[in-house]
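run.txt follows (compact mmCIF, C-alpha atoms and all ligand atoms):
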# COMPACT_ATOMS: atom_id res chain seq x y z
CA MET U 1458 124.23 116.12 87.76
CA ASN U 1459 123.62 116.42 91.51
CA GLU U 1460 120.45 115.11 93.10
CA LEU U 1461 118.87 118.50 93.80
CA ASP U 1462 119.26 119.42 90.12
CA LEU U 1463 117.63 116.11 89.15
CA LEU U 1464 114.66 116.92 91.40
CA ARG U 1465 114.33 120.46 89.99
CA GLN U 1466 114.62 119.28 86.42
CA GLY U 1467 112.25 116.42 87.13
CA GLY U 1468 109.61 118.95 88.21
CA VAL U 1469 109.10 117.56 91.73
CA VAL U 1470 107.09 119.82 94.04
CA GLY U 1471 105.06 119.21 97.20
CA GLY U 1472 101.94 117.21 96.40
CA GLY U 1473 99.61 119.46 98.37
CA GLY U 1474 99.24 123.10 99.33
CA ALA U 1475 101.32 125.61 97.43
CA GLY U 1476 103.62 123.10 95.74
CA PHE U 1477 106.92 123.92 97.42
CA PRO U 1478 109.80 122.81 95.16
CA LEU U 1479 111.37 119.71 96.69
CA TRP U 1480 114.93 120.57 95.64
CA LYS U 1481 114.71 123.73 97.73
CA LYS U 1482 113.24 121.93 100.75
CA LEU U 1483 115.99 119.29 100.64
CA ALA U 1484 118.77 121.87 100.28
CA ALA U 1485 118.68 122.37 104.08
CA PRO U 1486 120.15 119.61 106.29
CA ALA U 1487 117.95 117.82 108.84
CA ASP U 1488 118.48 115.00 111.32
CA THR U 1489 115.13 113.30 110.59
CA LEU U 1490 113.19 112.92 107.36
CA LEU U 1491 109.48 112.32 107.86
CA ILE U 1492 107.24 110.89 105.17
CA ASN U 1493 103.69 112.16 105.64
CA GLY U 1494 101.44 109.18 104.99
CA ALA U 1495 98.58 110.43 107.15
CA GLU U 1496 96.34 111.25 104.19
CA CYS U 1497 94.84 113.75 106.52
CA GLU U 1498 91.82 114.91 104.57
CA PRO U 1499 88.79 112.64 104.97
CA LEU U 1500 87.64 110.82 101.79
CA LEU U 1501 91.00 110.99 99.99
CA LYS U 1502 92.53 107.59 99.25
CA SER U 1503 95.42 108.19 96.84
CA ASP U 1504 98.27 108.05 99.37
CA GLN U 1505 96.77 104.96 101.02
CA TYR U 1506 96.63 103.35 97.56
CA LEU U 1507 100.28 104.29 96.88
CA MET U 1508 101.55 103.06 100.26
CA ARG U 1509 99.82 99.71 99.84
CA ASN U 1510 100.75 99.21 96.18
CA TYR U 1511 104.29 100.70 96.07
CA PRO U 1512 105.80 99.93 99.50
CA GLY U 1513 109.23 98.94 98.13
CA GLN U 1514 109.60 102.16 96.14
CA LEU U 1515 108.37 104.24 99.07
CA ILE U 1516 110.91 102.92 101.56
CA GLU U 1517 113.67 103.33 98.98
CA ALA U 1518 112.52 106.89 98.28
CA ALA U 1519 112.43 107.66 102.02
CA SER U 1520 116.00 106.44 102.51
CA ARG U 1521 117.33 108.27 99.42
CA LEU U 1522 115.72 111.55 100.48
CA ALA U 1523 117.02 111.10 104.05
CA ALA U 1524 120.53 110.69 102.63
CA ILE U 1525 120.17 113.93 100.63
CA VAL U 1526 119.43 115.95 103.80
CA SER U 1527 122.06 113.97 105.80
CA ALA U 1528 119.36 112.63 108.14
CA LYS U 1529 120.10 109.78 110.54
CA GLU U 1530 116.81 108.10 109.65
CA ALA U 1531 113.59 108.33 107.68
CA VAL U 1532 110.25 107.76 109.41
CA ILE U 1533 107.13 106.90 107.45
CA CYS U 1534 104.18 108.22 109.45
CA LEU U 1535 100.77 106.72 108.80
CA LYS U 1536 97.55 106.26 110.73
CA ASP U 1537 97.25 103.35 113.14
CA HIS U 1538 94.21 101.92 111.34
CA TYR U 1539 95.90 101.65 107.91
CA GLY U 1540 96.30 97.87 108.31
CA PRO U 1541 97.11 96.83 104.71
CA GLN U 1542 99.53 99.74 104.28
CA ILE U 1543 101.32 98.96 107.55
CA ALA U 1544 101.61 95.29 106.54
CA ALA U 1545 102.90 96.14 103.05
CA LEU U 1546 105.51 98.59 104.35
CA ASN U 1547 106.65 96.25 107.15
CA GLY U 1548 107.00 93.50 104.54
CA ALA U 1549 109.15 95.74 102.34
CA LEU U 1550 111.27 96.82 105.31
CA LYS U 1551 111.97 93.19 106.21
CA GLU U 1552 113.20 92.48 102.69
CA LYS U 1553 115.63 95.37 102.39
CA ALA U 1554 118.30 96.83 104.67
CA LEU U 1555 118.55 100.53 103.96
CA THR U 1556 121.06 103.23 104.90
CA PRO U 1557 119.91 105.61 106.33
CA PRO U 1558 117.39 103.28 107.97
CA VAL U 1559 113.64 103.62 107.58
CA ARG U 1560 111.01 102.87 110.22
CA LEU U 1561 107.28 103.36 110.64
CA HIS U 1562 105.51 105.59 113.14
CA LEU U 1563 101.80 105.07 113.76
CA LEU U 1564 99.65 108.16 114.16
CA PRO U 1565 96.34 108.44 116.00
CA THR U 1566 93.28 108.61 113.74
CA VAL U 1567 92.48 112.24 114.40
CA TYR U 1568 92.11 115.25 112.14
CA PRO U 1569 94.37 117.02 111.12
CA ILE U 1570 97.21 114.69 112.13
CA GLY U 1571 98.63 115.17 108.61
CA ASP U 1572 99.32 118.81 109.41
CA GLU U 1573 103.10 118.63 109.25
CA GLN U 1574 103.50 120.23 112.67
CA ALA U 1575 101.06 117.84 114.35
CA LEU U 1576 102.66 114.88 112.58
CA LEU U 1577 106.15 115.99 113.51
CA HIS U 1578 105.13 116.39 117.16
CA SER U 1579 103.59 112.92 117.20
CA ALA U 1580 106.63 111.28 115.56
CA THR U 1581 109.46 113.09 117.37
CA GLY U 1582 107.97 114.82 120.43
CA ARG U 1583 109.37 118.13 119.10
CA THR U 1584 107.24 121.24 118.60
CA VAL U 1585 107.80 123.64 115.73
CA PRO U 1586 107.75 127.18 117.15
CA PRO U 1587 104.76 129.34 116.17
CA GLY U 1588 105.21 130.74 112.67
CA GLY U 1589 108.20 128.43 112.07
CA LEU U 1590 108.89 125.51 109.74
CA PRO U 1591 109.94 121.91 110.48
CA GLY U 1592 113.57 122.77 109.67
CA LYS U 1593 113.66 124.81 112.90
CA VAL U 1594 113.56 121.56 114.86
CA GLY U 1595 115.77 119.51 112.55
CA CYS U 1596 113.08 117.82 110.46
CA THR U 1597 112.03 117.71 106.82
CA VAL U 1598 108.53 116.51 105.95
CA VAL U 1599 107.70 115.08 102.50
CA SER U 1600 104.39 113.62 101.34
CA VAL U 1601 104.01 110.08 99.97
CA SER U 1602 103.29 111.13 96.38
CA THR U 1603 106.14 113.65 96.44
CA ALA U 1604 108.59 111.00 97.70
CA LEU U 1605 107.57 108.59 94.94
CA ASN U 1606 107.84 111.34 92.33
CA ALA U 1607 111.28 112.15 93.72
CA LEU U 1608 112.47 108.57 93.31
CA ARG U 1609 111.31 108.60 89.70
CA ALA U 1610 113.01 111.94 89.07
CA LEU U 1611 116.26 110.67 90.59
CA ASN U 1612 116.02 107.87 88.01
CA GLY U 1613 115.50 110.41 85.20
CA LYS U 1614 111.69 110.28 84.96
CA PRO U 1615 109.89 113.63 85.37
CA VAL U 1616 106.47 114.29 86.91
CA THR U 1617 103.75 113.85 84.28
CA ARG U 1618 100.96 112.12 86.25
CA ARG U 1619 98.99 112.76 89.41
CA PHE U 1620 96.96 110.25 91.44
CA VAL U 1621 93.64 112.00 92.12
CA THR U 1622 90.78 110.72 94.30
CA VAL U 1623 87.40 111.35 92.68
CA ALA U 1624 84.59 110.99 95.23
CA GLY U 1625 81.11 112.10 96.17
CA GLU U 1626 78.08 112.17 93.90
CA VAL U 1627 79.81 110.59 90.92
CA LYS U 1628 79.10 107.33 89.13
CA ARG U 1629 82.54 105.68 89.46
CA PRO U 1630 84.38 107.08 92.48
CA GLY U 1631 87.97 105.93 92.71
CA VAL U 1632 91.64 106.79 92.49
CA TYR U 1633 92.53 108.01 89.01
CA CYS U 1634 96.02 108.29 87.56
CA ALA U 1635 95.58 111.39 85.41
CA PRO U 1636 97.94 113.27 83.09
CA ILE U 1637 98.93 116.71 84.41
CA GLY U 1638 96.81 119.29 82.61
CA MET U 1639 93.80 117.03 82.07
CA PRO U 1640 90.62 119.13 82.32
CA VAL U 1641 88.68 118.21 85.46
CA SER U 1642 85.49 118.05 83.35
CA LEU U 1643 87.03 115.21 81.30
CA LEU U 1644 88.22 113.44 84.42
CA LEU U 1645 84.67 113.56 85.77
CA GLU U 1646 83.39 112.23 82.44
CA GLN U 1647 85.74 109.25 82.78
CA ALA U 1648 84.39 108.74 86.27
CA GLY U 1649 80.93 108.36 84.75
CA GLY U 1650 79.89 111.93 85.50
CA PRO U 1651 77.92 113.43 88.39
CA ILE U 1652 74.79 111.51 89.38
CA ILE U 1653 72.82 114.53 90.62
CA PRO U 1654 71.64 117.51 88.57
CA ARG U 1655 72.75 120.35 90.89
CA TYR U 1656 76.25 119.94 92.22
CA ARG U 1657 79.41 121.83 93.08
CA LEU U 1658 83.02 120.68 92.86
CA VAL U 1659 85.54 120.83 95.67
CA LEU U 1660 89.17 120.73 94.49
CA GLY U 1661 91.04 118.78 97.17
CA GLY U 1662 89.73 117.32 100.40
CA PRO U 1663 86.44 118.26 102.06
CA MET U 1664 87.99 120.17 104.98
CA MET U 1665 90.48 122.38 103.17
CA GLY U 1666 89.78 122.09 99.45
CA PRO U 1667 88.40 125.23 97.78
CA LEU U 1668 85.09 125.28 95.98
CA ALA U 1669 85.68 125.42 92.21
CA ALA U 1670 84.27 128.60 90.68
CA GLU U 1671 81.04 127.86 88.83
CA GLY U 1672 81.53 127.45 85.10
CA ALA U 1673 85.35 127.69 85.33
CA GLU U 1674 87.47 124.96 83.74
CA ASN U 1675 90.01 123.53 86.15
CA VAL U 1676 92.79 121.12 85.33
CA VAL U 1677 94.72 118.39 87.11
CA THR U 1678 97.92 119.86 88.54
CA LYS U 1679 100.82 118.47 90.54
CA THR U 1680 99.07 119.62 93.73
CA LEU U 1681 95.51 118.42 93.09
CA GLY U 1682 94.79 115.50 95.42
CA GLY U 1683 91.05 115.14 94.97
CA VAL U 1684 87.90 116.18 93.18
CA LEU U 1685 84.67 115.94 95.20
CA VAL U 1686 81.23 116.23 93.72
CA LEU U 1687 78.83 117.59 96.34
CA PRO U 1688 75.15 118.55 96.21
CA ALA U 1689 74.78 122.30 95.64
CA GLU U 1690 73.02 122.59 98.99
CA HIS U 1691 75.62 120.56 100.97
CA THR U 1692 76.75 122.02 104.30
CA LEU U 1693 80.33 122.45 103.02
CA VAL U 1694 79.09 124.40 100.01
CA ARG U 1695 76.92 126.60 102.22
CA HIS U 1696 79.87 127.41 104.48
CA ALA U 1697 82.12 128.23 101.52
CA GLU U 1698 79.54 130.44 99.82
CA LEU U 1699 78.72 132.60 102.80
CA THR U 1700 79.74 136.23 102.23
CA MET U 1701 81.79 137.97 104.89
CA ASP U 1702 78.92 140.40 105.48
CA GLN U 1703 76.63 137.47 106.22
CA ALA U 1704 79.33 135.91 108.41
CA ARG U 1705 79.60 139.16 110.41
CA VAL U 1706 75.86 139.38 110.98
CA ARG U 1707 75.85 135.79 112.21
CA ALA U 1708 78.92 136.34 114.40
CA ARG U 1709 77.33 139.43 115.99
CA SER U 1710 74.08 137.72 116.77
CA THR U 1711 75.22 134.19 117.57
CA CYS U 1712 78.85 133.93 118.77
CA ILE U 1713 78.55 133.11 122.45
CA GLN U 1714 82.31 133.38 123.08
CA CYS U 1715 82.33 129.83 124.41
CA ARG U 1716 85.92 129.51 123.03
CA THR U 1717 85.39 125.93 121.84
CA CYS U 1718 86.99 126.99 118.54
CA THR U 1719 90.15 127.88 120.46
CA ASP U 1720 90.06 124.89 122.80
CA LEU U 1721 89.91 122.41 119.89
CA CYS U 1722 92.24 124.28 117.49
CA PRO U 1723 95.06 121.82 116.64
CA ARG U 1724 97.72 124.55 116.64
CA HIS U 1725 96.46 125.81 120.01
CA LEU U 1726 96.77 122.24 121.28
CA LEU U 1727 100.47 122.29 120.33
CA GLY U 1728 101.03 125.36 122.51
CA HIS U 1729 100.82 128.00 119.77
CA PRO U 1730 99.22 131.25 120.99
CA ILE U 1731 96.28 131.23 118.57
CA TYR U 1732 92.79 132.30 119.69
CA PRO U 1733 90.06 132.12 117.04
CA HIS U 1734 87.39 133.16 119.58
CA LEU U 1735 89.23 136.48 119.97
CA THR U 1736 89.33 136.93 116.20
CA MET U 1737 85.58 136.29 116.15
CA ARG U 1738 85.06 138.86 118.89
CA ALA U 1739 87.09 141.47 117.00
CA PHE U 1740 85.32 140.61 113.74
CA ALA U 1741 81.85 140.92 115.25
CA ALA U 1742 82.73 144.27 116.82
CA GLY U 1743 84.38 145.53 113.61
CA ASP U 1744 87.43 146.00 115.82
CA LYS U 1745 91.17 145.83 115.09
CA LEU U 1746 92.76 142.78 113.49
CA GLU U 1747 93.70 139.89 115.77
CA PRO U 1748 97.45 139.18 115.24
CA SER U 1749 97.25 135.50 116.25
CA ALA U 1750 95.18 134.83 113.12
CA MET U 1751 98.57 134.69 111.36
CA LEU U 1752 99.17 131.31 113.03
CA CYS U 1753 96.09 129.72 111.46
CA MET U 1754 96.77 126.87 108.99
CA GLU U 1755 93.12 126.89 107.86
CA CYS U 1756 92.35 123.28 108.79
CA GLY U 1757 88.66 124.04 109.43
CA VAL U 1758 88.35 122.24 112.79
CA CYS U 1759 87.00 125.39 114.45
CA GLU U 1760 84.40 125.95 111.76
CA LEU U 1761 83.31 122.51 110.60
CA TYR U 1762 83.75 120.53 113.81
CA ALA U 1763 84.04 122.66 116.93
CA CYS U 1764 81.65 125.60 116.78
CA PRO U 1765 78.30 124.67 118.37
CA MET U 1766 76.63 127.61 116.58
CA GLY U 1767 77.76 126.69 113.05
CA LEU U 1768 79.77 129.92 112.67
CA ASN U 1769 82.79 130.59 110.47
CA PRO U 1770 85.90 131.23 112.56
CA ARG U 1771 88.15 129.74 109.86
CA ARG U 1772 86.88 132.17 107.23
CA VAL U 1773 87.36 135.04 109.65
CA GLN U 1774 90.88 133.86 110.50
CA GLN U 1775 91.68 133.74 106.77
CA MET U 1776 90.39 137.28 106.34
CA HIS U 1777 92.37 138.67 109.27
CA LYS U 1778 95.50 136.81 108.19
CA ALA U 1779 95.29 138.19 104.65
CA ALA U 1780 94.72 141.73 105.93
CA LEU U 1781 97.65 141.49 108.36
CA ARG U 1782 99.92 140.21 105.59
CA ALA U 1783 98.81 143.00 103.29
CA GLN U 1784 99.81 145.47 106.01
CA GLY U 1785 103.25 143.83 106.19
CA GLU U 1786 102.73 142.74 109.81
CA LYS U 1787 105.32 140.29 111.13
CA PRO U 1788 104.43 139.67 114.78
CA VAL U 1789 106.69 137.42 116.84
CA PHE U 1790 105.01 134.69 118.89
CA GLU U 1791 106.24 132.58 121.75
CA LEU U 1792 105.55 128.90 122.24
CA LYS U 1793 103.50 128.17 125.37
CA GLU U 1794 102.90 125.05 127.42
CA PRO U 1795 100.33 122.92 125.57
CA PRO U 1796 96.93 123.07 127.29
CA ALA U 1797 96.07 120.35 129.80
CA LEU U 1798 94.12 117.46 128.23
CA ALA U 1799 95.34 118.43 124.75
CA GLU U 1800 95.10 114.81 123.59
CA ILE U 1801 91.45 114.38 124.44
CA HIS U 1802 90.61 117.57 122.60
CA GLN U 1803 91.81 116.15 119.29
CA ALA U 1804 89.09 115.55 116.70
CA PRO U 1805 88.53 111.85 115.84
CA SER U 1806 88.50 111.52 112.02
CA GLY U 1807 85.26 109.51 111.98
CA ARG U 1808 83.41 112.17 113.96
CA VAL U 1809 84.74 114.90 111.71
CA LEU U 1810 83.45 113.01 108.68
CA ALA U 1811 80.02 112.61 110.31
CA ARG U 1812 79.93 116.27 111.35
CA ILE U 1813 80.50 117.44 107.77
CA ASP U 1814 77.84 115.03 106.49
CA ALA U 1815 80.28 113.15 104.26
CA LYS U 1816 80.30 109.64 105.75
CA ARG U 1817 78.21 108.34 102.85
CA TYR U 1818 81.01 109.32 100.42
CA ASP U 1819 83.73 107.37 102.22
CA MET U 1820 84.94 104.41 100.16
CA PRO U 1821 87.45 101.62 100.69
CA VAL U 1822 90.90 102.08 99.17
CA PRO U 1823 90.49 100.79 95.60
CA GLU U 1824 92.44 97.70 94.53
CA GLU U 1825 93.54 99.38 91.32
CA ALA U 1826 93.93 102.98 90.21
CA ILE U 1827 92.09 103.84 86.99
CA GLU U 1828 94.27 105.17 84.17
CA ALA U 1829 92.69 108.38 82.87
CA THR U 1830 93.42 109.52 79.33
CA SER U 1831 92.84 112.93 77.85
CA PRO U 1832 92.75 114.06 74.19
CA ILE U 1833 93.94 117.48 75.28
CA VAL U 1834 95.95 118.79 78.22
CA CYS U 1835 96.24 122.40 79.42
CA ILE U 1836 99.41 122.56 81.50
CA PRO U 1837 99.96 125.60 83.74
CA VAL U 1838 103.56 126.88 83.77
CA LYS U 1839 103.15 127.70 87.46
CA GLN U 1840 102.22 124.74 89.62
CA HIS U 1841 104.56 125.63 92.44
CA ILE U 1842 105.42 128.42 94.81
CA GLY U 1843 107.92 130.86 93.29
CA ALA U 1844 108.29 132.12 89.73
CA PRO U 1845 106.48 130.57 86.75
CA ALA U 1846 108.57 128.40 84.46
CA GLU U 1847 109.46 129.92 81.09
CA PRO U 1848 107.86 128.10 78.10
CA CYS U 1849 110.45 126.58 75.75
CA VAL U 1850 107.99 125.29 73.13
CA GLN U 1851 105.65 127.10 70.74
CA ALA U 1852 102.49 126.41 68.78
CA GLY U 1853 103.21 123.58 66.33
CA SER U 1854 106.03 121.99 68.36
CA THR U 1855 105.88 118.19 68.53
CA VAL U 1856 106.44 116.84 72.04
CA GLN U 1857 106.89 113.45 73.66
CA ARG U 1858 105.64 112.63 77.12
CA GLY U 1859 108.31 113.77 79.59
CA ASP U 1860 109.83 116.47 77.36
CA VAL U 1861 110.56 119.76 79.11
CA ILE U 1862 108.04 122.36 77.92
CA ALA U 1863 108.77 125.14 80.43
CA ARG U 1864 112.04 125.68 82.22
CA MET U 1865 113.13 127.48 85.41
CA ALA U 1866 116.09 129.83 85.37
CA ASP U 1867 119.04 128.37 87.29
CA GLY U 1868 118.62 128.89 91.02
CA ALA U 1869 115.12 130.43 90.75
CA LEU U 1870 112.47 129.04 93.12
CA GLY U 1871 110.30 126.67 91.09
CA ALA U 1872 110.55 123.47 89.06
CA ASP U 1873 110.54 122.54 85.37
CA ILE U 1874 107.28 121.57 83.66
CA HIS U 1875 106.94 118.60 81.30
CA ALA U 1876 104.62 117.36 78.56
CA SER U 1877 102.22 114.82 80.06
CA VAL U 1878 101.19 113.35 76.69
CA CYS U 1879 102.76 112.85 73.25
CA GLY U 1880 101.29 115.31 70.77
CA THR U 1881 101.42 118.77 69.24
CA VAL U 1882 101.44 122.07 71.08
CA GLU U 1883 98.29 123.95 70.06
CA ARG U 1884 99.01 127.20 71.82
CA VAL U 1885 101.03 128.85 74.56
CA GLU U 1886 99.04 131.60 76.25
CA ASP U 1887 97.81 132.92 79.57
CA GLY U 1888 100.32 130.90 81.55
CA MET U 1889 99.15 127.65 79.95
CA ILE U 1890 100.65 125.27 77.38
CA VAL U 1891 97.91 123.42 75.52
CA ILE U 1892 98.86 120.09 73.91
CA ARG U 1893 96.62 118.03 71.62
CA ALA U 1894 97.45 114.35 72.17
CA LYS U 1895 98.12 112.18 69.16
S1 LIG C 1 83.06 128.13 118.99
FE1 LIG C 1 81.62 129.38 117.79
S2 LIG C 1 80.31 130.35 119.29
FE2 LIG C 1 82.06 129.57 120.44
S3 LIG C 1 83.52 131.31 120.48
FE3 LIG C 1 84.04 130.12 118.69
S4 LIG C 1 82.90 131.04 117.01
FE4 LIG C 1 81.96 131.78 118.92
S1 LIG C 2 91.25 126.81 110.94
FE1 LIG C 2 90.56 127.09 113.03
S2 LIG C 2 91.15 125.22 114.04
FE2 LIG C 2 92.35 125.30 112.18
S3 LIG C 2 94.27 126.31 112.70
FE3 LIG C 2 92.86 127.91 112.04
S4 LIG C 2 91.91 128.64 113.90
FE4 LIG C 2 92.82 126.67 114.38
Let's see the structure in the file written out as structure tokens.
Amino acid sequence: MNELDLLRQGGVVGGGGAGFPLWKKLAAPADTLLINGAECEPLLKSDQYLMRNYPGQLIEAASRLAAIVSAKEAVICLKDHYGPQIAALNGALKEKALTPPVRLHLLPTVYPIGDEQALLHSATGRTVPPGGLPGKVGCTVVSVSTALNALRALNGKPVTRRFVTVAGEVKRPGVYCAPIGMPVSLLLEQAGGPIIPRYRLVLGGPMMGPLAAEGAENVVTKTLGGVLVLPAEHTLVRHAELTMDQARVRARSTCIQCRTCTDLCPRHLLGHPIYPHLTMRAFAAGDKLEPSAMLCMECGVCELYACPMGLNPRRVQQMHKAALRAQGEKPVFELKEPPALAEIHQAPSGRVLARIDAKRYDMPVPEEAIEATSPIVCIPVKQHIGAPAEPCVQAGSTVQRGDVIARMADGALGADIHASVCGTVERVEDGMIVIRAK
């Protein structure tokens, strides 16, 4: 079986965002393979844990994936203050000669340097054109957890676990190794539970993770990097809960068109023609949609770090982007010269953390990950971009950990789904396969 088939059948998808199937990403050749070890979102520690504890596997994975895309080299990109991770990876690189070779690139400690376009620019000096993907400039970017999952899949072991950072107002914050499909409520229970009475959950990092709907049960998926427990009145919760009508009233009365949101926008700093202050102007006036909103990657710098008035340009960008997409708009943008002083306009990670009032939740990278166990798992058949996988088990089926329980049609965009525990299938419904562990 070829390597791309092994990755598809092993269920390997991108560890963040929409879960892009890795086999599809690696089907296109590239001259450089970049491993994204920035762990961009403040508070998350899982990738730092993996880089420090599995350096040998990571450099092997990087070289294997580079070979698949015919790259000349693999570059592991991580922040310049990740001392133990840098030491561990350098130690592993000294022990093993790899072909294609692997080297490290140290990133500045700014947010969002883990944005694949910012990372790629830092590591190679190339700029992805606006609206384009890394492949346009000969690069493929893969996250740390995805690369390690890929190595396992190439050795016949499918994805059944996810390292998840649990942080915030919880008794035992840490990095948890959780079975895919574990209810988040049970994961929180194993972390000792919330330590405040009124809280909200953020699924992912504090800057980009969505607020979990109140009362809804969420589960650990292949793309869930973190669970944060925040006070119900926390600034991040307040921003996320604002209605668009409220946001418009505030924009009308308070946006001073200072353009700080634009001047500090990381994509603007790369030379992309994106102007959140113009979107805010159009939004406040109830005017036409601002096309450059389509270039927004929703990092939150404009909203949670830049705006001196505490307004919501990111939310407005999201709204304009969605409306433009719904209208089928496909504007073409041209790359510009990056603004002067782009480097000094980058947002230092520590100041971002202070600005969002989350410094008190920052923890050191744990020595050990905590193994989470779950008596029941609810595994979605769609944890990736593309079509859902087709269930191939039914109620009453006995499964072993690693068995395929939902399969993709040959060539369809997606990845197979596997049982994350040994047990019996209780039901298959609503896009979910529920397994009771034995
Ligand atoms: S930074 Fe805030 S006040 Fe200034 S233009 Fe942007 S949204 Fe308006
Ligand atoms: S969220 Fe704001 S800062 Fe981030 S890319 Fe979009 S407009 Fe730029």
Please identify the residues whose atoms come within 8 Å of ligand LIG 1 (chain C), using all atoms listed in the file, and report them as a PyMOL selection string.
chain U and resi 1708+1711-1719+1733-1735+1737-1738+1759-1760+1763-1770
Of the candidates U:Ala1826, U:Leu1727, U:Ala1876, U:Ala1894, which shows the shortest atom-to-atom distance to ligand LIG 2 (chain C), using all atoms listed in the file?
U:Leu1727
For Leu1668 (chain U): contacts at 10 Å, only C-alpha atoms, fewer than 5 positions along chain excluded, given as a list in words:
Arg1657, Leu1658, Val1659, Leu1660, Gly1661, Pro1663, Val1684, Leu1685, Leu1687, Leu1693, Val1694, Ala1697 and Glu1698 of chain U
Go through the chains and note each residue within 8 Å of ligand LIG 2 (chain C), using all atoms listed in the file, then give the set as a VMD selection string.
chain U and resid 1718 to 1719 1721 to 1725 1731 to 1733 1750 1752 to 1760 1770 to 1772 1774 to 1775
Can you work out the spacing between CA of Asp1814 (chain U) and CA of Leu1761 (chain U) in Å, to one decimal?
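CA of Asp1814 (chain U) sits 10.1 Å away from CA of Leu1761 (chain U).
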Who sits within 9 Å of region 1473-1481 of chain U, only C-alpha atoms, same chain under 6 positions skipped, as a short mmCIF file (atom, residue, chain, number, x, y, z; two decimals) with C-alpha atoms, in the frame of the given file:
data_model
loop_
_atom_site.label_atom_id
_atom_site.label_comp_id
_atom_site.auth_asym_id
_atom_site.auth_seq_id
_atom_site.Cartn_x
_atom_site.Cartn_y
_atom_site.Cartn_z
CA GLU U 1460 120.45 115.11 93.10
CA LEU U 1461 118.87 118.50 93.80
CA ASP U 1462 119.26 119.42 90.12
CA LEU U 1463 117.63 116.11 89.15
CA LEU U 1464 114.66 116.92 91.40
CA ARG U 1465 114.33 120.46 89.99
CA VAL U 1599 107.70 115.08 102.50
CA SER U 1600 104.39 113.62 101.34
CA THR U 1603 106.14 113.65 96.44
CA ALA U 1607 111.28 112.15 93.72
CA GLY U 1661 91.04 118.78 97.17
CA LYS U 1679 100.82 118.47 90.54
CA THR U 1680 99.07 119.62 93.73
CA LEU U 1681 95.51 118.42 93.09
CA GLY U 1682 94.79 115.50 95.42
CA GLN U 1840 102.22 124.74 89.62
CA HIS U 1841 104.56 125.63 92.44
CA ILE U 1842 105.42 128.42 94.81
CA GLY U 1843 107.92 130.86 93.29
CA LEU U 1870 112.47 129.04 93.12
CA GLY U 1871 110.30 126.67 91.09
CA ALA U 1872 110.55 123.47 89.06
#
Compare U:Asn1675, U:Arg1812, U:Met1865, U:Cys1634 by their minimum atom-to-atom distance to Gln1466 (chain U), counting all atoms listed in the file, and give me the closest one.
U:Met1865
From the list U:Val1882, U:Ala1495, U:Val1632, U:Ala1829, which residue is nearest Glu1646 (chain U) when using only C-alpha atoms?
U:Ala1829
When you draw a straight line from CA of Ala1797 (chain U) to CA of Lys1593 (chain U), how long is it in Å?
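These two atoms are separated by 24.8 Å.
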Would you work out the distance separating CA of Gly1513 (chain U) from CA of Ile1533 (chain U), expressed in Å to one decimal?
12.4 Å
Which residue out of U:Leu1563, U:Ile1652, U:Val1469, U:Cys1596 has the minimum interatomic distance to Leu1608 (chain U) when only C-alpha atoms are used?
U:Val1469
Tell me which of U:Cys1534, U:Lys1778, U:Ala1783, U:Arg1521 sits closest to Thr1556 (chain U), counting all atoms listed in the file.
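When distances to Thr1556 (chain U) are compared using all atoms listed in the file, the smallest one comes from U:Arg1521.
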Any idea what's packed within 10 Å of Glu1517 (chain U), counting only C-alpha atoms, ignoring anything in its chain fewer than 3 positions away? Could you give it as an mmCIF file with C-alpha atoms, keeping the file's coordinate frame?
data_model
loop_
_atom_site.group_PDB
_atom_site.id
_atom_site.type_symbol
_atom_site.label_atom_id
_atom_site.label_comp_id
_atom_site.auth_asym_id
_atom_site.auth_seq_id
_atom_site.Cartn_x
_atom_site.Cartn_y
_atom_site.Cartn_z
ATOM 1 C CA PRO U 1512 105.800 99.930 99.500
ATOM 2 C CA GLY U 1513 109.230 98.940 98.130
ATOM 3 C CA GLN U 1514 109.600 102.160 96.140
ATOM 4 C CA SER U 1520 116.000 106.440 102.510
ATOM 5 C CA ARG U 1521 117.330 108.270 99.420
ATOM 6 C CA LEU U 1522 115.720 111.550 100.480
ATOM 7 C CA ALA U 1523 117.020 111.100 104.050
ATOM 8 C CA ALA U 1549 109.150 95.740 102.340
ATOM 9 C CA LEU U 1550 111.270 96.820 105.310
ATOM 10 C CA LYS U 1553 115.630 95.370 102.390
ATOM 11 C CA ALA U 1554 118.300 96.830 104.670
ATOM 12 C CA LEU U 1555 118.550 100.530 103.960
ATOM 13 C CA THR U 1556 121.060 103.230 104.900
ATOM 14 C CA PRO U 1557 119.910 105.610 106.330
ATOM 15 C CA PRO U 1558 117.390 103.280 107.970
ATOM 16 C CA VAL U 1559 113.640 103.620 107.580
ATOM 17 C CA ALA U 1604 108.590 111.000 97.700
ATOM 18 C CA LEU U 1605 107.570 108.590 94.940
ATOM 19 C CA LEU U 1608 112.470 108.570 93.310
#
Given only C-alpha atoms as the basis, pick out the residue of U:Gly1638, U:Val1789, U:Ala1528, U:Ala1610 nearest to Asn1459 (chain U).
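Closest candidate: U:Ala1610.
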List the neighbours of Ala1545 (chain U) out to 12 Å using only C-alpha atoms; skip same-chain residues closer than 4 positions along the sequence, and give me the result as number ranges by chain.
U: 1505-1516, 1539-1541, 1549-1552, 1561
Excluding same-chain residues fewer than 4 positions from Val1686 (chain U), what lies within 9 Å of it counting all atoms listed in the file, as a list of chain:residue names?
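My list of contacting residues is U:Val1623, U:Ala1624, U:Gly1625, U:Glu1626, U:Val1627, U:Pro1651, U:Tyr1656, U:Arg1657, U:Leu1658, U:Val1659.
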